Structure formats: structure tokens, C-alpha cells
$ cat entry30.txt   # compact mmCIF, C-alpha atoms and all ligand atoms
# COMPACT_ATOMS: atom_id res chain seq x y z
CA MET A 1 -27.53 5.34 20.94
CA ALA A 2 -25.90 2.01 20.08
CA PRO A 3 -22.80 1.19 22.14
CA ALA A 4 -19.47 1.70 20.35
CA ALA A 5 -18.24 -1.47 18.66
CA VAL A 6 -15.62 -3.29 20.71
CA PRO A 7 -12.49 -3.83 18.62
CA PRO A 8 -11.71 -7.51 18.07
CA LEU A 9 -8.94 -9.03 20.14
CA ILE A 10 -5.85 -10.61 18.66
CA GLU A 11 -5.82 -14.12 20.10
CA ARG A 12 -2.69 -16.21 20.39
CA PRO A 13 -2.43 -19.16 18.04
CA LEU A 14 -2.85 -22.49 19.82
CA ALA A 15 0.52 -23.70 18.52
CA PRO A 16 3.58 -22.02 16.98
CA LEU A 17 3.18 -21.22 13.26
CA THR A 18 5.67 -22.96 11.02
CA ASP A 19 6.46 -23.70 7.38
CA GLY A 20 9.13 -26.25 8.27
CA GLU A 21 12.03 -23.78 7.83
CA ILE A 22 11.10 -21.10 10.34
CA VAL A 23 8.74 -20.93 13.29
CA LEU A 24 6.77 -18.01 14.70
CA ARG A 25 6.59 -18.52 18.45
CA LEU A 26 6.52 -16.54 21.69
CA PHE A 27 9.81 -15.09 22.89
CA GLU A 28 11.84 -17.30 25.23
CA GLU A 29 14.44 -16.53 27.89
CA HIS A 30 17.33 -17.68 25.68
CA ASP A 31 16.37 -14.99 23.09
CA VAL A 32 17.51 -12.19 25.41
CA PRO A 33 21.13 -11.81 24.15
CA ALA A 34 19.97 -11.82 20.51
CA LEU A 35 17.36 -9.17 21.30
CA LEU A 36 20.07 -7.05 22.86
CA ALA A 37 22.12 -7.49 19.67
CA ALA A 38 19.07 -6.42 17.61
CA ALA A 39 18.74 -3.26 19.67
CA ARG A 40 22.41 -2.48 18.95
CA ASP A 41 22.08 -3.06 15.19
CA ARG A 42 22.62 -0.07 12.91
CA ASP A 43 19.27 -0.41 11.11
CA ILE A 44 16.72 -2.11 13.38
CA PRO A 45 16.39 0.71 15.97
CA ARG A 46 16.39 3.33 13.19
CA LEU A 47 13.82 1.67 10.92
CA THR A 48 11.48 -0.06 13.38
CA ASN A 49 9.71 0.62 16.65
CA LEU A 50 11.98 -1.65 18.67
CA PRO A 51 12.74 0.58 21.66
CA GLU A 52 16.17 1.35 23.05
CA LEU A 53 17.14 -1.74 25.02
CA GLU A 54 20.39 -0.97 26.76
CA SER A 55 20.79 -4.03 28.94
CA GLU A 56 19.43 -7.53 29.41
CA GLU A 57 17.28 -6.11 32.22
CA TRP A 58 15.69 -3.66 29.75
CA VAL A 59 15.09 -6.50 27.32
CA ARG A 60 13.29 -8.52 30.01
CA ALA A 61 11.12 -5.51 30.94
CA TRP A 62 10.26 -5.02 27.25
CA LEU A 63 9.39 -8.72 26.91
CA GLU A 64 7.00 -8.43 29.84
CA ARG A 65 5.30 -5.49 28.14
CA VAL A 66 5.11 -7.41 24.85
CA ALA A 67 3.49 -10.38 26.62
CA GLU A 68 1.04 -8.08 28.43
CA LEU A 69 -0.06 -6.35 25.20
CA TRP A 70 -0.69 -9.74 23.65
CA ARG A 71 -2.59 -11.04 26.70
CA ASP A 72 -4.79 -7.94 26.37
CA GLY A 73 -5.34 -8.77 22.68
CA ALA A 74 -3.85 -5.43 21.61
CA ARG A 75 -0.96 -6.65 19.49
CA ALA A 76 0.85 -9.82 18.54
CA ASN A 77 4.62 -9.84 18.62
CA PHE A 78 6.18 -13.11 17.49
CA ALA A 79 9.75 -14.28 17.68
CA VAL A 80 10.94 -15.62 14.31
CA ALA A 81 13.15 -18.65 14.92
CA ASP A 82 14.96 -21.29 12.93
CA ALA A 83 12.70 -24.37 12.90
CA ALA A 84 15.63 -26.77 13.35
CA SER A 85 17.73 -24.99 15.98
CA ASN A 86 15.07 -22.74 17.59
CA GLU A 87 17.63 -19.91 17.38
CA LEU A 88 16.19 -16.40 17.14
CA LEU A 89 16.30 -14.95 13.60
CA GLY A 90 14.08 -11.90 14.05
CA SER A 91 10.66 -10.68 14.98
CA ILE A 92 7.33 -9.97 13.31
CA GLY A 93 4.20 -8.41 14.74
CA LEU A 94 0.68 -7.30 14.00
CA ARG A 95 -1.79 -4.84 15.45
CA LEU A 96 -5.17 -3.72 14.20
CA VAL A 97 -5.64 -0.39 12.42
CA ASP A 98 -9.17 0.29 11.17
CA GLY A 99 -9.83 -3.45 11.19
CA ASN A 100 -6.73 -4.17 9.08
CA GLY A 101 -3.66 -6.05 10.24
CA GLN A 102 -0.72 -3.64 10.36
CA ILE A 103 2.53 -5.60 10.24
CA TRP A 104 6.15 -4.85 11.13
CA TYR A 105 9.27 -7.02 11.09
CA TRP A 106 13.02 -7.16 11.40
CA THR A 107 15.70 -9.84 11.16
CA LEU A 108 19.10 -10.01 12.81
CA PRO A 109 22.00 -9.12 10.48
CA VAL A 110 23.37 -12.69 10.69
CA ALA A 111 20.01 -14.06 9.55
CA ARG A 112 19.43 -11.76 6.56
CA GLY A 113 19.32 -12.72 2.90
CA ARG A 114 18.06 -16.27 3.39
CA GLY A 115 14.34 -15.62 3.12
CA ALA A 116 13.45 -15.52 6.81
CA ALA A 117 11.54 -12.22 6.67
CA THR A 118 9.62 -13.30 3.57
CA ARG A 119 8.69 -16.64 5.11
CA ALA A 120 7.64 -14.91 8.34
CA LEU A 121 5.48 -12.41 6.46
CA ARG A 122 3.76 -15.19 4.51
CA LEU A 123 3.10 -17.19 7.68
CA LEU A 124 1.80 -14.19 9.61
CA SER A 125 -0.47 -13.17 6.74
CA GLY A 126 -1.92 -16.68 6.53
CA TRP A 127 -2.61 -16.64 10.27
CA ALA A 128 -4.23 -13.19 10.02
CA PHE A 129 -6.56 -14.35 7.23
CA ASP A 130 -7.34 -17.86 8.45
CA ASP A 131 -7.36 -17.51 12.24
CA LEU A 132 -8.09 -13.83 12.86
CA GLY A 133 -10.51 -13.59 9.94
CA LEU A 134 -8.98 -10.37 8.56
CA THR A 135 -9.54 -9.39 4.95
CA ARG A 136 -6.56 -7.05 4.60
CA VAL A 137 -3.02 -6.96 5.97
CA GLN A 138 -0.68 -4.08 5.29
CA LEU A 139 2.72 -2.64 6.07
CA LEU A 140 4.58 0.62 5.65
CA ALA A 141 8.10 0.71 4.27
CA GLU A 142 10.17 3.84 3.95
CA PRO A 143 10.95 4.60 0.28
CA GLU A 144 14.68 4.07 0.88
CA ASN A 145 14.12 0.67 2.49
CA GLU A 146 14.49 -1.47 -0.60
CA ALA A 147 15.07 -4.72 1.29
CA SER A 148 11.76 -4.34 3.12
CA GLN A 149 9.91 -3.54 -0.12
CA ARG A 150 11.44 -6.60 -1.72
CA VAL A 151 10.22 -8.74 1.20
CA ALA A 152 6.70 -7.31 0.84
CA ALA A 153 6.62 -7.97 -2.91
CA LYS A 154 7.97 -11.52 -2.50
CA ALA A 155 5.23 -12.23 0.06
CA GLY A 156 2.53 -11.17 -2.40
CA PHE A 157 1.90 -7.64 -1.14
CA GLN A 158 0.98 -4.96 -3.67
CA ARG A 159 2.44 -1.48 -3.55
CA GLU A 160 -0.47 0.93 -3.21
CA GLY A 161 1.12 4.34 -2.89
CA LEU A 162 3.27 6.82 -1.02
CA LEU A 163 1.87 8.34 2.16
CA ARG A 164 3.86 11.52 2.80
CA SER A 165 5.01 12.31 6.33
CA TYR A 166 2.62 9.59 7.50
CA PHE A 167 4.05 8.15 10.66
CA GLU A 168 6.18 8.99 13.67
CA LEU A 169 9.36 6.98 13.99
CA LYS A 170 11.87 7.61 16.75
CA GLY A 171 11.08 11.30 16.98
CA ARG A 172 10.92 12.02 13.25
CA ARG A 173 8.11 12.04 10.67
CA ALA A 174 8.56 9.39 8.00
CA ASP A 175 7.11 8.83 4.53
CA GLY A 176 5.54 5.41 4.15
CA LEU A 177 5.03 3.28 1.08
CA MET A 178 1.82 1.36 1.71
CA TYR A 179 1.96 -2.32 0.77
CA ALA A 180 -1.08 -4.54 1.26
CA ARG A 181 -2.35 -8.02 0.64
CA LEU A 182 -6.02 -8.96 0.59
CA ARG A 183 -7.38 -12.34 1.61
CA ASP A 184 -8.49 -13.04 -1.96
CA ASP A 185 -5.26 -11.91 -3.63
CA PRO A 186 -3.38 -14.69 -5.46
C1 LIG B 201 14.21 -5.74 5.73
C2 LIG B 201 14.66 -6.99 6.42
C3 LIG B 201 13.59 -7.42 7.42
C4 LIG B 201 14.83 -8.12 5.36
O1 LIG B 201 15.11 -9.33 6.05
P1 LIG B 201 15.71 -10.64 5.31
O2 LIG B 201 15.54 -11.76 6.28
O3 LIG B 201 17.04 -10.34 4.77
O4 LIG B 201 14.68 -10.78 4.09
P2 LIG B 201 14.66 -11.90 2.94
O5 LIG B 201 15.92 -12.71 2.97
O6 LIG B 201 13.35 -12.62 3.06
O7 LIG B 201 14.60 -11.02 1.62
C5 LIG B 201 15.42 -9.89 1.44
C6 LIG B 201 15.35 -9.43 0.00
O8 LIG B 201 15.78 -8.08 -0.06
C7 LIG B 201 16.85 -7.98 -0.98
N1 LIG B 201 17.69 -6.87 -0.53
C8 LIG B 201 18.48 -6.83 0.56
N2 LIG B 201 19.09 -5.63 0.62
C9 LIG B 201 18.66 -4.92 -0.45
C10 LIG B 201 18.92 -3.62 -0.94
N3 LIG B 201 19.74 -2.80 -0.30
N4 LIG B 201 18.29 -3.21 -2.08
C11 LIG B 201 17.45 -4.02 -2.74
N5 LIG B 201 17.14 -5.29 -2.30
C12 LIG B 201 17.75 -5.71 -1.18
C13 LIG B 201 17.50 -9.33 -0.95
O9 LIG B 201 18.30 -9.54 -2.07
C14 LIG B 201 16.27 -10.23 -0.90
O10 LIG B 201 15.64 -10.32 -2.16
P3 LIG B 201 15.89 -11.60 -3.18
O11 LIG B 201 15.43 -12.82 -2.43
O12 LIG B 201 15.07 -11.28 -4.37
O13 LIG B 201 17.37 -11.63 -3.43
C15 LIG B 201 16.03 -6.81 7.15
O14 LIG B 201 16.96 -6.30 6.23
C16 LIG B 201 15.94 -5.89 8.36
O15 LIG B 201 15.63 -6.34 9.46
N6 LIG B 201 16.23 -4.58 8.17
C17 LIG B 201 16.19 -3.63 9.28
C18 LIG B 201 14.77 -3.44 9.84
C19 LIG B 201 13.76 -3.13 8.77
O16 LIG B 201 14.04 -2.45 7.79
N7 LIG B 201 12.53 -3.62 8.97
C20 LIG B 201 11.41 -3.34 8.07
C21 LIG B 201 10.82 -2.01 8.38
S1 LIG B 201 9.55 -1.60 7.18
$ encode --input "entry30.txt" --output "C-alpha cells"
Amino acid sequence: MAPAAVPPLIERPLAPLTDGEIVLRLFEEHDVPALLAAARDRDIPRLTNLPELESEEWVRAWLERVAELWRDGARANFAVADAASNELLGSIGLRLVDGNGQIWYWTLPVARGRGAATRALRLLSGWAFDDLGLTRVQLLAEPENEASQRVAAKAGFQREGLLRSYFELKGRRADGLMYARLRDDP
């Protein structure tokens, strides 16, 4: 019997990814207070997998775990920062599901509405196609999450359909609208 295929590893980019306005980089020590603020936001903990981070100590422990998962090639979790000030704006990540890049993201309330999530999604998709060699990247947005759907559409993702009670989020089952972009999409 042939050995089971080894899933590909997600390698770190050699340099931060940037479009001149934002940069996708590793998390840095000075991001800790902003991450704590993200964990205390009304929407981020409810709509994403960011865990409960109750203190700066918890944030640091979470960052260690994030770095470990990336070292192991299991998932990429980038900080989204302002290219000029290096200030944290949000986060975007990718893991592999059936050979596809499954993406998630959030931005801090103070950073919303200026295109940061859309720029981050475009940059991450480009990296997934060009550097990781993926042919499909996808994301799941809850039907009520219109801002996230708008981000997906602006970044060239197509809405493919509603997956009912598809994923577990903070102890509840959630419906997911599947959005995807293929390498050859315009
Ligand atoms: C969704 C989220 C990442 C968007 O971040 P952002 O940095 O504001 O995104 P952008 O500025 O790139 O684009 C936001 C778009 O959504 C639109 N939008 C915002 N709130 C909206 C709403 N309630 N209904 C419809 N559209 C909305 C904005 O007008 C903008 O579109 P436009 O450029 O056509 O005007 C941010 O709101 C967030 O972090 N929410 C909580 C976590 C979350 O939902 N993550 C995604 C899980 S699938």
C-alpha cells in the first residue's frame, strides 16, 4: 500500500508582504495591547476564532502558540499593519483544508472602513497562489456578516453557496457562505 500523502507545509514568506499601504508581517511585541483590545471587541471574539485573551500574559501565550503552528507549517497567521507606521490594524490567516487555502481575518474597530481587510485579503491570496502554489483560496462568512462578504467580493472572491450549520464557532453551530477565488480568476 502506498504511504499516505504528506500534506504540504505552509512556509513563511522570506520578507513581509506589502502593497505599499499595508504590510503582512509576523506579530511583534508592541502588538500586544492592540491584540488585547481586539479580544475585547464586540464582534471579533464572536465572529472569529480569536480565543479569549484576558490579559497581556494570555496574549503572549497565544502568540507563542501562533508562532509554533507556523513553524510546524500548520497555519499562517499574519499581523496586518500600516506600512508607514507599522501599527497593528488587524490579522489575517490561512490553513489548508483539502488542499485549499482557508482564510480568516479581522480588523480593529479603529482601522475599519479604509480598505485594510480587502488589501490584506488580496495580498494573502497572491501569496497563496504565487508562493504556496495553491489553486483555490476560500473563506466562510456568516450570512449576517455583510462587511465580511463585501470584503470578499471586493477582493475578487465569488459567492458559491450557503453551507448550513457548517462550522463550530465559540460553542455554536454556524451557517457559512462559501466565497472562493481561483488562481485563474480575473
Ligand atoms: C469584516 C471586517 C474584517 C472588515 O474590515 P475593514 O477593514 O473594515 O474592511 P474594508 O475597509 O476593506 O471593507 C469593508 C467594506 O464593508 C462595508 N461594510 C461595513 N459594514 C457593513 C455593513 N454593516 N453592511 C454592509 N457593508 C458593510 C464597507 O462599507 C466596505 O465596503 P465599501 O468599500 O464598498 O464601502 C471587520 O469589520 C471585522 O473585523 N469584523 C469583525 C470580525 C469579522 O467579521 N471577521 C470576518 C469573519 S468571516
$ atom_distance --input "entry30.txt" --atom1 "CA of Gln149 (chain A)" --atom2 "CA of Arg42 (chain A)"
18.5 Å
$ atom_distance --input "entry30.txt" --atom1 "CA of Leu47 (chain A)" --atom2 "atom C20 of ligand LIG 201 (chain B)"
6.2 Å
$ axis_aligned_box --input "entry30.txt" --around "ligand LIG 201 (chain B)" --padding-each-side "5 Å" --output "AutoDock Vina command-line options"
--center_x 14.6 --center_y -7.2 --center_z 2.7 --size_x 20.2 --size_y 21.2 --size_z 24.2
$ residues_near_point --input "entry30.txt" --point "(10.6, -13.2, -0.3)" --cutoff "12 Å" --atoms "all atoms listed in the file" --output "JSON, numbers by chain"
{"A": [112, 113, 114, 115, 116, 117, 118, 119, 120, 121, 122, 123, 147, 148, 149, 150, 151, 152, 153, 154, 155, 156, 157]}
$ atom_distance --input "entry30.txt" --atom1 "CA of Arg12 (chain A)" --atom2 "CA of Glu64 (chain A)"
15.6 Å
$ closest_residue --input "entry30.txt" --among "A:Leu96, A:Val59, A:Ile103, A:Leu24" --to "Val80 (chain A)" --atoms "only C-alpha atoms"
A:Leu24
$ closest_residue --input "entry30.txt" --among "A:Gly93, A:Pro16, A:Pro186, A:Gly161" --to "ligand LIG 201 (chain B)" --atoms "all atoms listed in the file"
A:Gly93
$ closest_residue --input "entry30.txt" --among "A:Ile10, A:Ala174, A:Ala79, A:Leu17" --to "Leu124 (chain A)" --atoms "only C-alpha atoms"
A:Leu17
$ closest_residue --input "entry30.txt" --among "A:Met178, A:Ala74, A:Leu163, A:Leu63" --to "ligand LIG 201 (chain B)" --atoms "all atoms listed in the file"
A:Met178
$ closest_residue --input "entry30.txt" --among "A:Gly73, A:Gly20, A:Gly90, A:Pro143" --to "Ile44 (chain A)" --atoms "only C-alpha atoms"
A:Gly90
$ closest_residue --input "entry30.txt" --among "A:Glu68, A:Asp43, A:Glu52, A:Glu168" --to "ligand LIG 201 (chain B)" --atoms "all atoms listed in the file"
A:Asp43
$ residues_around --input "entry30.txt" --residues "Gln102 (chain A)" --least-positions-apart "4" --cutoff "6 Å" --atoms "all atoms listed in the file" --output "list in words"
Leu94, Arg95, Leu96, Val137, Gln138 and Leu139 of chain A
$ write_last_selection --input "entry30.txt" --atoms "C-alpha atoms" --output "CSV table (one decimal), in the frame of the given file"
chain,number,residue,atom,x,y,z
A,94,LEU,CA,0.7,-7.3,14.0
A,95,ARG,CA,-1.8,-4.8,15.4
A,96,LEU,CA,-5.2,-3.7,14.2
A,137,VAL,CA,-3.0,-7.0,6.0
A,138,GLN,CA,-0.7,-4.1,5.3
A,139,LEU,CA,2.7,-2.6,6.1
$ residues_around --input "entry30.txt" --residues "Leu89 (chain A)" --least-positions-apart "6" --cutoff "6 Å" --atoms "only C-alpha atoms" --output "VMD selection string"
chain A and resid 80 to 81 107 to 108 111
$ residues_around --input "entry30.txt" --residues "Asn49 (chain A)" --least-positions-apart "5" --cutoff "9 Å" --atoms "only C-alpha atoms" --output "PyMOL selection string"
chain A and resi 44+104+169-170
$ residues_around --input "entry30.txt" --residues "Ala39 (chain A)" --least-positions-apart "4" --cutoff "8 Å" --atoms "all atoms listed in the file" --output "list in words"
Leu35, Ile44, Pro45, Leu50, Pro51, Glu52, Leu53 and Glu54 of chain A
